[in-house]
$ cat protein-v5.csv   # CSV, C-alpha atoms and all ligand atoms
chain,number,residue,atom,x,y,z
A,1,MET,CA,0.0,0.0,0.0
A,2,ARG,CA,1.6,3.3,-1.1
A,3,VAL,CA,0.8,6.2,1.2
A,4,GLY,CA,0.5,9.7,-0.2
A,5,ILE,CA,0.8,12.6,2.2
A,6,ILE,CA,-0.5,16.1,1.4
A,7,GLY,CA,1.2,18.5,3.6
A,8,THR,CA,4.8,18.9,4.8
A,9,GLY,CA,4.4,20.0,8.5
A,10,ALA,CA,4.5,18.3,11.9
A,11,MET,CA,1.8,15.7,11.3
A,12,ALA,CA,3.0,14.8,7.7
A,13,ARG,CA,6.6,14.3,9.0
A,14,ALA,CA,5.7,12.4,12.2
A,15,LEU,CA,3.3,9.9,10.5
A,16,GLY,CA,5.3,9.8,7.2
A,17,ALA,CA,8.4,8.8,9.1
A,18,ARG,CA,6.7,6.0,11.0
A,19,TRP,CA,5.1,4.6,7.9
A,20,ALA,CA,8.3,4.8,5.9
A,21,ALA,CA,10.1,3.0,8.8
A,22,SER,CA,7.6,0.3,8.8
A,23,GLY,CA,8.3,-0.4,5.1
A,24,ARG,CA,5.6,1.5,3.3
A,25,THR,CA,6.4,3.6,0.3
A,26,VAL,CA,5.5,7.1,1.3
A,27,LEU,CA,5.1,10.0,-1.2
A,28,ILE,CA,4.8,13.5,0.1
A,29,ALA,CA,3.7,16.8,-1.5
A,30,GLY,CA,3.1,20.3,-0.3
A,31,ARG,CA,2.7,23.6,-2.1
A,32,SER,CA,6.4,24.3,-1.8
A,33,PRO,CA,8.8,21.9,-3.7
A,34,SER,CA,11.6,22.8,-1.3
A,35,ARG,CA,9.6,22.1,1.8
A,36,SER,CA,8.4,18.9,0.2
A,37,ALA,CA,12.0,17.8,-0.4
A,38,ASP,CA,12.9,18.7,3.2
A,39,ALA,CA,10.0,16.7,4.5
A,40,ALA,CA,10.9,13.8,2.3
A,41,ASP,CA,14.5,13.8,3.5
A,42,ALA,CA,13.4,14.0,7.1
A,43,THR,CA,11.0,11.1,6.8
A,44,GLY,CA,12.4,8.7,4.3
A,45,ALA,CA,9.6,9.5,1.9
A,46,ARG,CA,9.8,10.6,-1.8
A,47,ALA,CA,8.9,14.2,-2.6
A,48,SER,CA,6.6,14.8,-5.6
A,49,ARG,CA,3.8,17.0,-6.9
A,50,PHE,CA,0.2,16.9,-5.8
A,51,GLY,CA,-1.0,15.2,-9.1
A,52,ASP,CA,1.7,12.6,-9.0
A,53,VAL,CA,1.1,11.7,-5.3
A,54,ILE,CA,-2.6,11.4,-5.9
A,55,ARG,CA,-2.1,9.2,-9.0
A,56,ARG,CA,0.5,6.9,-7.4
A,57,SER,CA,-0.9,6.4,-3.9
A,58,ASP,CA,-3.3,3.8,-2.7
A,59,ILE,CA,-4.3,5.9,0.3
A,60,LEU,CA,-3.9,9.6,1.0
A,61,LEU,CA,-3.4,11.6,4.3
A,62,LEU,CA,-4.5,15.2,4.2
A,63,ALA,CA,-2.4,17.0,6.8
A,64,VAL,CA,-2.8,20.7,6.2
A,65,ASP,CA,-4.0,23.7,8.2
A,66,HIS,CA,-7.8,23.5,8.3
A,67,ARG,CA,-8.1,27.1,7.2
A,68,ALA,CA,-6.3,26.2,4.0
A,69,VAL,CA,-8.4,23.3,3.0
A,70,ASP,CA,-10.3,25.0,0.1
A,71,GLU,CA,-7.1,26.4,-1.3
A,72,VAL,CA,-5.3,23.0,-1.1
A,73,LEU,CA,-8.2,21.3,-2.8
A,74,GLU,CA,-7.8,23.8,-5.7
A,75,GLN,CA,-4.1,23.2,-5.8
A,76,MET,CA,-4.8,19.4,-6.0
A,77,ASP,CA,-7.3,20.1,-8.8
A,78,THR,CA,-10.0,18.1,-7.0
A,79,GLY,CA,-12.6,19.8,-9.2
A,80,SER,CA,-11.6,17.5,-12.0
A,81,GLY,CA,-12.5,14.4,-9.9
A,82,VAL,CA,-9.0,13.2,-9.2
A,83,LEU,CA,-9.9,12.2,-5.6
A,84,HIS,CA,-13.2,10.5,-6.6
A,85,GLY,CA,-13.2,7.0,-4.9
A,86,LYS,CA,-9.8,7.4,-3.4
A,87,VAL,CA,-9.3,6.7,0.3
A,88,LEU,CA,-8.5,10.0,2.0
A,89,ILE,CA,-7.6,10.2,5.7
A,90,ASP,CA,-8.6,13.5,7.2
A,91,CYS,CA,-6.5,14.4,10.3
A,92,THR,CA,-7.3,18.1,10.3
A,93,ASN,CA,-8.7,19.8,13.4
A,94,PRO,CA,-11.0,22.6,12.4
A,95,VAL,CA,-10.5,24.4,15.7
A,96,ASP,CA,-9.9,28.1,16.3
A,97,THR,CA,-7.1,28.0,18.9
A,98,ALA,CA,-8.0,31.5,20.1
A,99,ASP,CA,-11.1,30.1,21.8
A,100,ASN,CA,-10.9,26.3,21.1
A,101,ARG,CA,-14.2,26.2,19.3
A,102,LEU,CA,-14.9,24.5,16.0
A,103,ASP,CA,-14.2,26.6,12.9
A,104,LEU,CA,-15.9,24.8,10.0
A,105,PRO,CA,-16.6,25.9,6.4
A,106,THR,CA,-20.1,27.6,6.3
A,107,GLY,CA,-22.9,25.0,6.5
A,108,ALA,CA,-20.5,22.1,7.2
A,109,THR,CA,-21.2,19.6,10.0
A,110,SER,CA,-17.6,18.3,10.0
A,111,MET,CA,-14.5,18.9,8.0
A,112,ALA,CA,-14.5,15.2,7.1
A,113,GLU,CA,-18.0,15.3,5.6
A,114,TYR,CA,-17.2,18.5,3.9
A,115,LEU,CA,-14.1,16.9,2.2
A,116,ALA,CA,-16.2,13.9,1.2
A,117,ASP,CA,-18.8,16.2,-0.4
A,118,ARG,CA,-16.2,18.3,-2.2
A,119,THR,CA,-14.0,15.5,-3.5
A,120,GLY,CA,-16.1,12.2,-3.8
A,121,ALA,CA,-13.3,10.5,-1.8
A,122,GLN,CA,-13.9,7.7,0.7
A,123,VAL,CA,-12.9,9.9,3.7
A,124,VAL,CA,-11.8,8.5,7.0
A,125,LYS,CA,-11.4,10.8,10.0
A,126,ALA,CA,-8.4,9.6,12.0
A,127,PHE,CA,-5.2,10.7,13.8
A,128,ASN,CA,-6.7,14.0,14.9
A,129,MET,CA,-6.9,13.2,18.6
A,130,ALA,CA,-3.3,13.3,19.5
A,131,GLN,CA,-0.3,15.6,19.1
A,132,ALA,CA,2.2,15.0,16.3
A,133,SER,CA,4.8,14.2,18.9
A,134,VAL,CA,2.8,11.1,20.0
A,135,TRP,CA,3.4,9.4,16.7
A,136,GLU,CA,7.2,9.8,17.2
A,137,ARG,CA,7.1,7.8,20.4
A,138,PRO,CA,6.5,4.1,21.2
A,139,PRO,CA,2.8,3.4,21.4
A,140,GLN,CA,3.0,2.5,25.1
A,141,TRP,CA,5.2,5.4,26.2
A,142,GLY,CA,4.4,5.9,29.9
A,143,LEU,CA,1.1,3.9,29.5
A,144,SER,CA,0.2,0.4,30.6
A,145,GLN,CA,-1.3,-0.4,27.2
A,146,PRO,CA,-0.9,0.9,23.6
A,147,ALA,CA,-2.7,4.2,23.0
A,148,THR,CA,-5.9,4.2,21.0
A,149,VAL,CA,-6.5,5.8,17.6
A,150,LEU,CA,-10.1,6.6,17.1
A,151,SER,CA,-11.4,6.8,13.5
A,152,ALA,CA,-14.8,7.4,11.8
A,153,ALA,CA,-15.5,5.7,8.5
A,154,ALA,CA,-18.1,3.6,6.8
A,155,ASP,CA,-17.1,-0.1,7.3
A,156,GLY,CA,-15.2,-1.6,4.4
A,157,GLY,CA,-12.0,-1.2,2.5
A,158,ALA,CA,-11.3,2.4,3.5
A,159,ALA,CA,-11.7,1.6,7.2
A,160,ASP,CA,-9.6,-1.6,6.9
A,161,ALA,CA,-6.8,0.3,5.1
A,162,VAL,CA,-6.6,2.9,7.9
A,163,THR,CA,-6.6,0.2,10.5
A,164,ALA,CA,-3.6,-1.3,8.7
A,165,LEU,CA,-1.8,2.0,8.9
A,166,ILE,CA,-2.6,2.3,12.6
A,167,ASP,CA,-1.3,-1.3,13.1
A,168,ASP,CA,1.9,-0.1,11.5
A,169,LEU,CA,2.4,2.4,14.4
A,170,GLY,CA,1.6,-0.3,17.0
A,171,PHE,CA,-1.4,1.6,18.2
A,172,ARG,CA,-4.9,0.2,18.9
A,173,SER,CA,-7.5,1.0,16.2
A,174,VAL,CA,-11.1,1.7,17.2
A,175,ASN,CA,-13.6,2.7,14.6
A,176,ILE,CA,-16.4,4.7,16.2
A,177,GLY,CA,-18.8,4.3,13.3
A,178,GLY,CA,-19.6,6.0,10.0
A,179,LEU,CA,-18.3,9.3,8.7
A,180,ASP,CA,-21.3,11.1,10.2
A,181,ARG,CA,-19.6,10.5,13.6
A,182,ALA,CA,-16.5,12.5,12.5
A,183,ARG,CA,-18.2,15.6,14.0
A,184,TYR,CA,-17.8,14.0,17.4
A,185,LEU,CA,-14.0,13.4,16.9
A,186,GLU,CA,-13.6,17.0,15.7
A,187,ALA,CA,-15.5,18.3,18.7
A,188,ALA,CA,-13.6,16.0,21.1
A,189,ALA,CA,-10.4,17.3,19.6
A,190,ALA,CA,-11.5,20.9,20.4
A,191,ILE,CA,-11.8,19.8,24.1
A,192,VAL,CA,-8.4,18.0,24.0
A,193,ILE,CA,-6.7,21.0,22.4
A,194,GLY,CA,-8.1,23.2,25.1
A,195,LEU,CA,-7.0,20.8,27.9
A,196,LEU,CA,-3.5,20.6,26.5
A,197,ALA,CA,-3.3,24.3,26.2
A,198,ALA,CA,-4.3,24.5,29.9
A,199,GLY,CA,-1.4,22.1,30.8
A,200,GLU,CA,-3.1,18.7,31.0
A,201,PRO,CA,-0.4,16.1,30.3
A,202,SER,CA,-1.0,14.5,26.9
A,203,GLY,CA,-0.6,10.9,28.1
A,204,SER,CA,-3.6,11.3,30.3
A,205,LEU,CA,-5.8,11.9,27.2
A,206,LEU,CA,-4.7,8.8,25.3
A,207,THR,CA,-6.4,6.1,27.2
A,208,TRP,CA,-10.1,6.4,27.9
A,209,VAL,CA,-10.2,4.4,31.0
A,210,ARG,CA,-7.0,4.0,33.0
A,211,PRO,CA,-6.4,0.5,34.5
A,212,LEU,CA,-7.3,0.5,38.2
A,213,GLY,CA,-4.6,-0.1,40.7
A,214,PRO,CA,-5.0,-2.6,43.5
A,215,PRO,CA,-7.9,-1.7,45.9
A,216,ASP,CA,-6.9,0.4,48.8
A,217,ALA,CA,-6.0,-1.6,51.9
A,218,PRO,CA,-8.9,-1.6,54.4
B,1,LIG,N1,0.3,19.1,15.1
B,1,LIG,C1,-0.5,18.4,15.8
B,1,LIG,O1,-0.1,18.0,17.0
B,1,LIG,C2,-1.8,17.9,15.2
B,1,LIG,C3,-2.5,16.9,15.9
B,1,LIG,C4,-3.7,16.4,15.3
B,1,LIG,C5,-4.2,17.0,14.2
B,1,LIG,N2,-3.5,18.1,13.6
B,1,LIG,C6,-4.1,18.7,12.4
B,1,LIG,O2,-3.3,18.2,11.3
B,1,LIG,C7,-3.2,19.2,10.3
B,1,LIG,C8,-1.7,19.5,10.0
B,1,LIG,O3,-1.1,20.0,11.3
B,1,LIG,P1,0.4,20.2,11.4
B,1,LIG,O4,0.7,20.4,12.8
B,1,LIG,O5,1.2,19.3,10.6
B,1,LIG,O6,0.5,21.7,10.8
B,1,LIG,P2,1.8,22.5,10.3
B,1,LIG,O7,3.1,21.9,10.8
B,1,LIG,O8,1.5,23.9,10.6
B,1,LIG,O9,1.8,22.3,8.7
B,1,LIG,C9,0.7,22.8,8.0
B,1,LIG,C10,0.8,22.3,6.6
B,1,LIG,O10,-0.3,23.0,5.9
B,1,LIG,C11,0.2,23.6,4.7
B,1,LIG,N3,-0.5,24.8,4.3
B,1,LIG,C12,-0.9,25.8,5.2
B,1,LIG,N4,-1.6,26.8,4.4
B,1,LIG,C13,-1.6,26.3,3.1
B,1,LIG,C14,-2.1,26.8,1.9
B,1,LIG,N5,-2.7,28.0,1.9
B,1,LIG,N6,-1.9,26.1,0.8
B,1,LIG,C15,-1.2,24.9,0.8
B,1,LIG,N7,-0.7,24.4,2.0
B,1,LIG,C16,-0.9,25.1,3.1
B,1,LIG,C17,1.6,24.0,5.1
B,1,LIG,O11,2.4,24.3,4.0
B,1,LIG,P3,3.5,25.4,4.0
B,1,LIG,O12,4.6,24.7,4.8
B,1,LIG,O13,3.9,25.6,2.6
B,1,LIG,O14,3.0,26.6,4.7
B,1,LIG,C18,2.0,22.7,5.8
B,1,LIG,O15,2.4,21.7,4.9
B,1,LIG,C19,-3.9,20.5,10.9
B,1,LIG,O16,-5.2,20.5,10.3
B,1,LIG,C20,-4.0,20.2,12.4
B,1,LIG,O17,-5.2,20.7,12.9
B,1,LIG,C21,-2.3,18.5,14.1
$ encode --input "protein-v5.csv" --output "structure tokens" --more "lines below"
Ligand SMILES: NC(=O)c1ccc[n+]([C@@H]2O[C@H](COP(=O)([O-])OP(=O)(O)OC[C@H]3O[C@@H](n4cnc5c(N)ncnc54)[C@H](OP(=O)(O)O)[C@@H]3O)[C@@H](O)[C@H]2O)c1
Amino acid sequence: MRVGIIGTGAMARALGARWAASGRTVLIAGRSPSRSADAADATGARASRFGDVIRRSDILLLAVDHRAVDEVLEQMDTGSGVLHGKVLIDCTNPVDTADNRLDLPTGATSMAEYLADRTGAQVVKAFNMAQASVWERPPQWGLSQPATVLSAAADGGAADAVTALIDDLGFRSVNIGGLDRARYLEAAAAIVIGLLAAGEPSGSLLTWVRPLGPPDAP
């Protein structure tokens, strides 16, 4: 499975490096050829142009600033149908960090559904619930069990492909349901971002229920 990454920032580099290290062919493209080349060097990926990455990849990760989504879709020429039927992972967090509230395109219920409507891709919401630095660490770092990656996608090939990429990282994959549930992951991320900004340690947010210790002695 060839993985194409759109974006050259922290998420693109962290996830791209892990997938490349696990033996995947990773292609990476951003709007700047020099930043694409830097990101490729840093991750073990190959730099290319948007069109080439879309054509040659079996699965794509969109890892760009949520405010740039419309512009990036234009740069990718999605109006011509190039993403139709492709599996597209959406890790964006449409959150305004000034007040940690959702910041969605007008009329959209979630960025993931907006992307599906705009592109015809099989969109999977995933990887939006943890900081980029989490993917650079072992999945059990400081935890008693591997951290969980929640995703939202219709059952089927797209969800299975994303599970395979989560398995590559050694994390536990949990699909919370169809893409109509992506709105909950985006809203939950707004809460997580606010908590992290307030100083909550990120490890505490990665396991939903922490294993209980031994009962208190009577
Ligand atoms: N960082 C995290 O911990 C984290 C965690 C979960 C989810 N996310 C989400 O993942 C996405 C990527 O985050 P990140 O931390 O990787 O961001 P980042 O390091 O700031 O990188 C942002 C990427 O978006 C591109 N971009 C911005 N404006 C653009 C435009 N107008 N046209 C084309 N490309 C544009 C940038 O390209 P240039 O370099 O050319 O500007 C860069 O490749 C965001 O939606 C974020 O909410 C981030």
$ residues_around --input "protein-v5.csv" --residues "range 57-68 of chain A" --least-positions-apart "5" --cutoff "8 Å" --atoms "all atoms listed in the file" --output "list in words"
Met1, Arg2, Val3, Gly4, Ile5, Ile6, Gly7, Thr8, Gly9, Met11, Ala12, Leu27, Lys86, Val87, Leu88, Ile89, Asp90, Cys91, Thr92, Asn93, Pro94, Val95 and Ala161 of chain A
$ residues_around --input "protein-v5.csv" --residues "Asn100 in chain A" --least-positions-apart "3" --cutoff "10 Å" --atoms "all atoms listed in the file" --output "list of chain:residue names"
A:Pro94, A:Val95, A:Asp96, A:Thr97, A:Asp103, A:Ala187, A:Ala189, A:Ala190, A:Ile191, A:Val192, A:Ile193, A:Gly194, A:Leu195, A:Ala197
$ atom_distance --input "protein-v5.csv" --atom1 "atom C3 of ligand LIG 1 (chain B)" --atom2 "CA of Phe127 in chain A"
7.1 Å
$ residues_around --input "protein-v5.csv" --residues "Ala182 in chain A" --least-positions-apart "4" --cutoff "10 Å" --atoms "all atoms listed in the file" --output "PyMOL selection string"
chain A and resi 90+109-113+123-126+150-153+176-178+186-188
$ atom_distance --input "protein-v5.csv" --atom1 "atom O11 of ligand LIG 1 (chain B)" --atom2 "CA of Ala29 in chain A"
9.4 Å
$ closest_residue --input "protein-v5.csv" --among "A:Asp155, A:Asp99, A:Asp168, A:Asp117" --to "Gly79 in chain A" --atoms "all atoms listed in the file"
A:Asp117
$ closest_residue --input "protein-v5.csv" --among "A:Gly16, A:Gly199, A:Gly30, A:Pro138" --to "ligand LIG 1 (chain B)" --atoms "all atoms listed in the file"
A:Gly30
$ atom_distance --input "protein-v5.csv" --atom1 "CA of Tyr114 in chain A" --atom2 "CA of Arg18 in chain A"
27.9 Å
$ closest_residue --input "protein-v5.csv" --among "A:Ala98, A:Gly44, A:Arg118, A:Gly107" --to "Val72 in chain A" --atoms "all atoms listed in the file"
A:Arg118
